[in-house]
file protein.cif (mmCIF, C-alpha atoms)
data_entry
#
loop_
_atom_site.label_atom_id
_atom_site.label_comp_id
_atom_site.auth_asym_id
_atom_site.auth_seq_id
_atom_site.Cartn_x
_atom_site.Cartn_y
_atom_site.Cartn_z
CA MET A 26 -10.92 46.16 4.07
CA TYR A 27 -10.34 46.27 7.82
CA TYR A 28 -11.46 43.38 10.03
CA LEU A 29 -11.60 42.85 13.78
CA SER A 30 -10.58 39.32 14.79
CA LYS A 31 -10.40 37.55 18.12
CA ILE A 32 -7.10 35.71 18.66
CA GLN A 33 -5.83 33.37 21.37
CA ASP A 34 -2.11 33.18 22.13
CA THR A 35 0.48 32.94 24.90
CA VAL A 36 2.45 36.03 25.91
CA ARG A 37 5.84 36.09 27.66
CA ILE A 38 6.17 38.88 30.26
CA PRO A 39 9.80 39.54 31.26
CA PRO A 40 10.55 40.04 35.00
CA TYR A 41 11.53 43.71 34.61
CA LYS A 42 7.91 44.46 33.55
CA PHE A 43 6.21 42.72 36.50
CA GLU A 44 5.52 46.03 38.28
CA ASP A 45 3.78 47.59 35.24
CA PRO A 46 0.02 47.11 34.72
CA LEU A 47 -0.36 43.63 33.22
CA GLU A 48 -2.90 44.53 30.52
CA GLU A 49 -0.71 47.39 29.22
CA VAL A 50 2.34 45.13 29.09
CA VAL A 51 0.37 42.41 27.26
CA ILE A 52 -0.91 44.88 24.62
CA GLU A 53 2.57 46.37 24.18
CA THR A 54 4.17 42.92 23.85
CA LEU A 55 1.55 41.72 21.34
CA ASN A 56 1.97 44.87 19.22
CA GLU A 57 5.77 44.51 19.25
CA THR A 58 5.45 40.86 18.22
CA TYR A 59 2.72 40.99 15.60
CA ASN A 60 2.33 44.50 14.11
CA GLY A 61 3.15 44.29 10.42
CA VAL A 62 2.94 40.50 10.30
CA LEU A 63 1.06 39.16 7.30
CA ASP A 64 -1.23 36.13 7.48
CA LYS A 65 -2.53 34.79 4.16
CA ASN A 66 -6.03 34.21 5.58
CA LEU A 67 -6.41 37.17 7.96
CA GLY A 68 -4.32 39.82 6.20
CA LEU A 69 -1.87 42.30 7.71
CA LEU A 70 -2.08 42.80 11.49
CA VAL A 71 -2.35 46.54 12.06
CA SER A 72 -2.98 46.80 15.79
CA VAL A 73 -3.83 45.01 19.01
CA ASN A 74 -5.92 47.35 21.11
CA ASN A 75 -7.99 45.25 23.48
CA VAL A 76 -7.27 42.23 25.67
CA GLU A 77 -10.38 40.29 26.67
CA ASP A 78 -8.83 37.70 28.95
CA ILE A 79 -5.45 37.21 30.60
CA GLY A 80 -4.88 33.80 32.13
CA GLU A 81 -2.89 33.06 35.26
CA GLY A 82 0.87 33.37 34.73
CA LYS A 83 3.10 30.30 34.58
CA ILE A 84 6.84 30.34 35.19
CA ILE A 85 9.12 27.92 33.37
CA MET A 86 12.21 26.60 35.18
CA GLY A 87 15.32 28.51 34.09
CA ASP A 88 13.33 31.48 32.73
CA GLY A 89 12.22 34.19 35.15
CA ALA A 90 9.45 35.41 32.83
CA SER A 91 5.77 34.61 33.27
CA TYR A 92 3.70 33.13 30.45
CA HIS A 93 0.03 34.06 30.16
CA ASP A 94 -2.65 32.62 27.88
CA VAL A 95 -4.50 35.60 26.43
CA VAL A 96 -7.53 36.32 24.24
CA PHE A 97 -7.30 39.63 22.40
CA ASP A 98 -8.85 41.67 19.59
CA ALA A 99 -6.64 42.45 16.60
CA ILE A 100 -7.33 44.73 13.66
CA PHE A 101 -6.30 43.31 10.28
CA TYR A 102 -6.22 44.87 6.83
CA LYS A 103 -6.98 42.42 4.05
CA PRO A 104 -7.30 43.71 0.49
CA GLU A 105 -10.27 42.27 -1.41
CA LEU A 106 -10.60 41.75 -5.16
CA GLN A 107 -12.70 44.50 -6.79
CA GLU A 108 -12.40 46.71 -3.67
CA ILE A 109 -12.26 50.43 -4.47
CA ILE A 110 -9.40 52.13 -2.62
CA LYS A 111 -8.25 55.71 -2.19
CA GLY A 112 -4.48 56.05 -2.10
CA HIS A 113 -1.45 58.24 -2.48
CA VAL A 114 1.11 57.88 -5.31
CA ILE A 115 4.46 57.21 -3.62
CA GLU A 116 6.60 56.41 -6.66
CA ILE A 117 6.46 56.59 -10.46
CA SER A 118 8.44 54.25 -12.69
CA GLU A 119 8.44 53.56 -16.41
CA PHE A 120 6.09 50.60 -15.87
CA GLY A 121 3.55 52.30 -13.60
CA ALA A 122 2.61 54.14 -10.42
CA PHE A 123 3.03 52.70 -6.92
CA VAL A 124 0.11 53.65 -4.71
CA ARG A 125 -0.01 53.45 -0.89
CA PHE A 126 -3.45 52.74 0.56
CA GLY A 127 -3.84 52.01 4.24
CA PRO A 128 -0.88 49.88 5.36
CA MET A 129 -0.14 48.40 1.89
CA ASP A 130 1.15 49.38 -1.54
CA GLY A 131 -0.14 48.43 -4.97
CA LEU A 132 0.89 49.00 -8.58
CA VAL A 133 -1.13 50.69 -11.30
CA HIS A 134 0.57 49.37 -14.45
CA VAL A 135 0.90 51.96 -17.26
CA SER A 136 -1.71 50.01 -19.23
CA GLN A 137 -4.19 50.52 -16.37
CA VAL A 138 -3.74 54.28 -15.78
CA THR A 139 -6.14 55.54 -18.49
CA ASP A 140 -7.48 54.48 -21.89
CA ASP A 141 -4.95 56.89 -23.41
CA TYR A 142 -1.41 55.94 -24.50
CA ILE A 143 0.94 56.72 -21.58
CA ASN A 144 4.50 58.06 -21.84
CA TYR A 145 7.01 58.01 -18.97
CA ASP A 146 8.87 61.25 -18.28
CA GLY A 147 11.94 60.20 -16.26
CA LYS A 148 13.18 63.74 -15.60
CA ARG A 149 9.86 64.84 -14.20
CA GLY A 150 9.01 61.47 -12.64
CA ALA A 151 5.56 61.44 -14.21
CA LEU A 152 3.27 59.44 -16.47
CA LEU A 153 1.75 61.53 -19.27
CA GLY A 154 -1.33 60.81 -21.38
CA LYS A 155 -0.49 61.34 -25.07
CA GLU A 156 -3.87 62.67 -26.24
CA SER A 157 -5.67 63.56 -23.00
CA ASN A 158 -2.66 65.41 -21.48
CA LYS A 159 -3.49 63.78 -18.15
CA VAL A 160 -0.50 63.69 -15.79
CA ILE A 161 0.08 61.52 -12.76
CA GLU A 162 3.11 62.00 -10.52
CA GLU A 163 4.40 61.33 -7.04
CA GLY A 164 2.22 62.91 -4.35
CA ASP A 165 -1.06 62.67 -6.29
CA ASP A 166 -4.15 61.23 -4.62
CA VAL A 167 -5.98 58.59 -6.64
CA ARG A 168 -8.95 56.24 -6.53
CA ALA A 169 -8.36 52.75 -7.93
CA ARG A 170 -9.84 49.25 -7.95
CA ILE A 171 -7.95 46.13 -6.81
CA VAL A 172 -7.74 43.65 -9.71
CA ALA A 173 -5.02 41.22 -8.54
CA ILE A 174 -3.77 40.09 -5.12
CA SER A 175 -0.82 37.88 -4.19
CA LEU A 176 -0.25 37.71 -0.43
CA LYS A 177 2.99 35.80 0.11
CA GLY A 178 5.52 35.67 2.89
CA LYS A 179 5.19 37.27 6.30
CA THR A 180 5.58 40.96 5.37
CA THR A 181 4.13 43.40 2.84
CA LYS A 182 7.46 43.48 0.94
CA GLU A 183 6.59 40.14 -0.63
CA THR A 184 2.98 40.98 -1.55
CA LYS A 185 1.83 42.08 -4.97
CA ILE A 186 -1.38 44.02 -5.48
CA GLY A 187 -2.49 45.08 -8.95
CA LEU A 188 -4.68 48.16 -9.38
CA THR A 189 -6.62 49.74 -12.24
CA MET A 190 -7.86 53.29 -12.79
CA ARG A 191 -9.44 52.81 -16.23
CA GLN A 192 -13.12 52.77 -15.24
CA VAL A 193 -15.42 55.77 -14.77
CA GLY A 194 -15.08 57.23 -11.27
CA LEU A 195 -11.47 56.05 -10.92
CA GLY A 196 -8.16 57.85 -11.44
CA LYS A 197 -6.48 60.92 -10.10
CA LEU A 198 -8.98 62.79 -7.87
CA GLU A 199 -8.68 65.95 -10.02
CA TRP A 200 -9.64 63.91 -13.13
CA ILE A 201 -12.72 62.55 -11.34
CA GLU A 202 -13.82 66.04 -10.23
CA ALA A 203 -13.32 67.43 -13.75
CA GLU A 204 -15.40 64.58 -15.21
CA LYS A 205 -18.19 65.22 -12.65
CA LYS A 206 -18.31 68.93 -13.59
CA LYS A 207 -18.40 68.01 -17.28
CA VAL A 208 -21.33 65.62 -16.75
CA LEU A 209 -23.22 68.13 -14.57
CA SER A 210 -22.66 70.90 -17.11
CA LYS A 211 -23.88 68.66 -19.94
CA SER A 212 -26.94 67.67 -17.88
CA SER A 213 -27.69 71.31 -17.08
CA ASN A 214 -27.40 72.30 -20.77
CA ASN A 215 -29.76 69.46 -21.76
CA LYS A 216 -32.36 70.68 -19.23
CA LYS A 217 -32.07 74.26 -20.53
CA SER A 218 -32.58 73.17 -24.15
CA ALA A 219 -35.57 71.00 -23.13
CA ASN A 220 -37.14 73.98 -21.33
CA THR A 221 -36.63 76.24 -24.38
CA LYS A 222 -38.43 73.77 -26.66
CA GLU A 223 -41.51 73.85 -24.45
#
call {"tool": "encode", "arguments": {"input": "protein.cif", "output": "structure tokens"}}
result
Amino acid sequence: MYYLSKIQDTVRIPPYKFEDPLEEVVIETLNETYNGVLDKNLGLLVSVNNVEDIGEGKIIMGDGASYHDVVFDAIFYKPELQEIIKGHVIEISEFGAFVRFGPMDGLVHVSQVTDDYINYDGKRGALLGKESNKVIEEGDDVRARIVAISLKGKTTKETKIGLTMRQVGLGKLEWIEAEKKKVLSKSSNNKKSANTKE
């Protein structure tokens, strides 16, 4: 889930940027410094797009830069347990499918793809359902639910997010659409048979 947070910090503006508009330089500097940084409480900083207040600059002896206290708005992405996400399969391995959603990646373990037994096809780079013949491979769009979160370190490389697609309404988008059509068709047939009995 995305959150907007207000942050207070100090920004260093190098002398060669003194002629540029101060607010633009502050936003650029904050984005260069913090984009992609992970905070366990706030989540992953995605963007700084608004500066509310820029304090008067202070110069420290021996450093020609100016330092400004600033208050700014930052957009964070923090995954939440039980959150339903829509993502894109970026890699298939013998133990599951890696799914990119927003700025993060998660893993759908083979045991969480479907209720069916899953085989890994290394040549094709796909996971195959033994009885259902469902196939999931790189490039597929999926809907999943977050079931485990471990936010460690300062970057997304050290995070672990577990996903499941075993519930109704989850899985590869084509599977979900096929299931909807099946339910609608069944419902339509039930209405027809009820009308015939009358």
call {"tool": "resolve_selection", "arguments": {"input": "protein.cif", "expression": "the PyMOL selection byres ((chain A and resi 75) around 12)", "output": "PyMOL selection string"}}
result
chain A and resi 29-32+48-53+55-56+72-74+76-79+95-100
call {"tool": "write_last_selection", "arguments": {"input": "protein.cif", "atoms": "C-alpha atoms", "output": "PDB file, keeping the file's coordinate frame"}}
result
ATOM      1  CA  LEU A  29     -11.600  42.850  13.780  1.00  0.00           C
ATOM      2  CA  SER A  30     -10.580  39.320  14.790  1.00  0.00           C
ATOM      3  CA  LYS A  31     -10.400  37.550  18.120  1.00  0.00           C
ATOM      4  CA  ILE A  32      -7.100  35.710  18.660  1.00  0.00           C
ATOM      5  CA  GLU A  48      -2.900  44.530  30.520  1.00  0.00           C
ATOM      6  CA  GLU A  49      -0.710  47.390  29.220  1.00  0.00           C
ATOM      7  CA  VAL A  50       2.340  45.130  29.090  1.00  0.00           C
ATOM      8  CA  VAL A  51       0.370  42.410  27.260  1.00  0.00           C
ATOM      9  CA  ILE A  52      -0.910  44.880  24.620  1.00  0.00           C
ATOM     10  CA  GLU A  53       2.570  46.370  24.180  1.00  0.00           C
ATOM     11  CA  LEU A  55       1.550  41.720  21.340  1.00  0.00           C
ATOM     12  CA  ASN A  56       1.970  44.870  19.220  1.00  0.00           C
ATOM     13  CA  SER A  72      -2.980  46.800  15.790  1.00  0.00           C
ATOM     14  CA  VAL A  73      -3.830  45.010  19.010  1.00  0.00           C
ATOM     15  CA  ASN A  74      -5.920  47.350  21.110  1.00  0.00           C
ATOM     16  CA  VAL A  76      -7.270  42.230  25.670  1.00  0.00           C
ATOM     17  CA  GLU A  77     -10.380  40.290  26.670  1.00  0.00           C
ATOM     18  CA  ASP A  78      -8.830  37.700  28.950  1.00  0.00           C
ATOM     19  CA  ILE A  79      -5.450  37.210  30.600  1.00  0.00           C
ATOM     20  CA  VAL A  95      -4.500  35.600  26.430  1.00  0.00           C
ATOM     21  CA  VAL A  96      -7.530  36.320  24.240  1.00  0.00           C
ATOM     22  CA  PHE A  97      -7.300  39.630  22.400  1.00  0.00           C
ATOM     23  CA  ASP A  98      -8.850  41.670  19.590  1.00  0.00           C
ATOM     24  CA  ALA A  99      -6.640  42.450  16.600  1.00  0.00           C
ATOM     25  CA  ILE A 100      -7.330  44.730  13.660  1.00  0.00           C
TER      26      ILE A 100
END
call {"tool": "atom_distance", "arguments": {"input": "protein.cif", "atom1": "CA of Thr54 in chain A", "atom2": "CA of Ala90 in chain A"}}
result
12.8 Å
call {"tool": "residues_near_point", "arguments": {"input": "protein.cif", "point": "(-2.7, 54.6, -0.1)", "cutoff": "9 Å", "atoms": "only C-alpha atoms", "output": "JSON, numbers by chain"}}
result
{"A": [110, 111, 112, 113, 114, 115, 124, 125, 126, 127, 128, 129, 130, 131, 166, 167]}
call {"tool": "atom_distance", "arguments": {"input": "protein.cif", "atom1": "CA of Thr139 in chain A", "atom2": "CA of Leu153 in chain A"}}
result
9.9 Å
call {"tool": "atom_distance", "arguments": {"input": "protein.cif", "atom1": "CA of Tyr28 in chain A", "atom2": "CA of Leu195 in chain A"}}
result
24.5 Å
call {"tool": "closest_residue", "arguments": {"input": "protein.cif", "among": "A:Thr184, A:Ser212, A:Asn144, A:Gln137", "to": "Ser118 in chain A", "atoms": "all atoms listed in the file"}}
result
A:Asn144
call {"tool": "closest_residue", "arguments": {"input": "protein.cif", "among": "A:Leu209, A:Ala203, A:Ala122, A:Met190", "to": "Glu163 in chain A", "atoms": "all atoms listed in the file"}}
result
A:Ala122
call {"tool": "axis_aligned_box", "arguments": {"input": "protein.cif", "around": "range 77-86 of chain A", "padding_each_side": "8 Å", "output": "JSON"}}
result
{"center_x": 0.9, "center_y": 33.4, "center_z": 31.0, "size_x": 38.6, "size_y": 29.7, "size_z": 24.6}
call {"tool": "resolve_selection", "arguments": {"input": "protein.cif", "expression": "the PyMOL selection byres ((chain A and resi 39) around 8)", "output": "ChimeraX atom specification"}}
result
/A:37-38,40-43,89-91
call {"tool": "build_atoms", "arguments": {"input": "protein.cif", "residues": "range 88-118 of chain A", "atoms": "N, CA and C atoms", "output": "short mmCIF file (atom, residue, chain, number, x, y, z; two decimals), in the coordinates of the input"}}
result
data_model
loop_
_atom_site.label_atom_id
_atom_site.label_comp_id
_atom_site.auth_asym_id
_atom_site.auth_seq_id
_atom_site.Cartn_x
_atom_site.Cartn_y
_atom_site.Cartn_z
N ASP A 88 13.74 30.23 33.38
CA ASP A 88 13.33 31.48 32.73
C ASP A 88 12.50 32.24 33.75
N GLY A 89 12.92 33.42 34.12
CA GLY A 89 12.22 34.19 35.15
C GLY A 89 10.96 34.86 34.67
N ALA A 90 10.64 34.76 33.38
CA ALA A 90 9.45 35.41 32.83
C ALA A 90 8.20 34.62 33.17
N SER A 91 7.05 35.31 33.10
CA SER A 91 5.77 34.61 33.27
C SER A 91 5.09 34.50 31.91
N TYR A 92 4.40 33.39 31.71
CA TYR A 92 3.70 33.13 30.45
C TYR A 92 2.20 33.11 30.72
N HIS A 93 1.47 33.91 29.96
CA HIS A 93 0.03 34.06 30.16
C HIS A 93 -0.71 33.70 28.87
N ASP A 94 -1.75 32.86 29.00
CA ASP A 94 -2.65 32.62 27.88
C ASP A 94 -3.57 33.84 27.80
N VAL A 95 -3.69 34.40 26.60
CA VAL A 95 -4.50 35.60 26.43
C VAL A 95 -5.47 35.45 25.25
N VAL A 96 -6.59 36.17 25.35
CA VAL A 96 -7.53 36.32 24.24
C VAL A 96 -7.60 37.81 23.97
N PHE A 97 -7.35 38.20 22.70
CA PHE A 97 -7.30 39.63 22.40
C PHE A 97 -7.95 39.92 21.04
N ASP A 98 -8.31 41.20 20.86
CA ASP A 98 -8.85 41.67 19.59
C ASP A 98 -7.73 42.28 18.78
N ALA A 99 -7.66 41.91 17.50
CA ALA A 99 -6.64 42.45 16.60
C ALA A 99 -7.33 43.00 15.36
N ILE A 100 -6.82 44.13 14.88
CA ILE A 100 -7.33 44.73 13.66
C ILE A 100 -6.42 44.31 12.51
N PHE A 101 -7.03 43.76 11.47
CA PHE A 101 -6.30 43.31 10.28
C PHE A 101 -6.76 44.11 9.08
N TYR A 102 -5.84 44.31 8.13
CA TYR A 102 -6.22 44.87 6.83
C TYR A 102 -6.01 43.77 5.80
N LYS A 103 -7.08 43.42 5.11
CA LYS A 103 -6.98 42.42 4.05
C LYS A 103 -7.58 42.99 2.78
N PRO A 104 -6.75 43.19 1.75
CA PRO A 104 -7.30 43.71 0.49
C PRO A 104 -8.22 42.68 -0.15
N GLU A 105 -9.30 43.15 -0.76
CA GLU A 105 -10.27 42.27 -1.41
C GLU A 105 -10.32 42.58 -2.90
N LEU A 106 -10.45 41.55 -3.72
CA LEU A 106 -10.60 41.75 -5.16
C LEU A 106 -11.81 42.64 -5.43
N GLN A 107 -11.67 43.55 -6.36
CA GLN A 107 -12.70 44.50 -6.79
C GLN A 107 -12.96 45.62 -5.77
N GLU A 108 -12.24 45.64 -4.66
CA GLU A 108 -12.40 46.71 -3.67
C GLU A 108 -11.91 48.04 -4.26
N ILE A 109 -12.66 49.09 -4.03
CA ILE A 109 -12.26 50.43 -4.47
C ILE A 109 -11.46 51.05 -3.32
N ILE A 110 -10.26 51.54 -3.65
CA ILE A 110 -9.40 52.13 -2.62
C ILE A 110 -9.07 53.58 -2.98
N LYS A 111 -8.77 54.36 -1.98
CA LYS A 111 -8.25 55.71 -2.19
C LYS A 111 -6.82 55.67 -1.68
N GLY A 112 -5.88 56.13 -2.49
CA GLY A 112 -4.48 56.05 -2.10
C GLY A 112 -3.68 57.25 -2.54
N HIS A 113 -2.40 57.17 -2.25
CA HIS A 113 -1.45 58.24 -2.48
C HIS A 113 -0.31 57.69 -3.33
N VAL A 114 0.02 58.34 -4.44
CA VAL A 114 1.11 57.88 -5.31
C VAL A 114 2.43 58.14 -4.60
N ILE A 115 3.19 57.07 -4.35
CA ILE A 115 4.46 57.21 -3.62
C ILE A 115 5.68 57.10 -4.53
N GLU A 116 5.48 56.54 -5.74
CA GLU A 116 6.60 56.41 -6.66
C GLU A 116 6.07 56.20 -8.08
N ILE A 117 6.79 56.77 -9.05
CA ILE A 117 6.46 56.59 -10.46
C ILE A 117 7.66 55.91 -11.12
N SER A 118 7.38 54.90 -11.92
CA SER A 118 8.44 54.25 -12.69
C SER A 118 7.96 54.12 -14.13
#
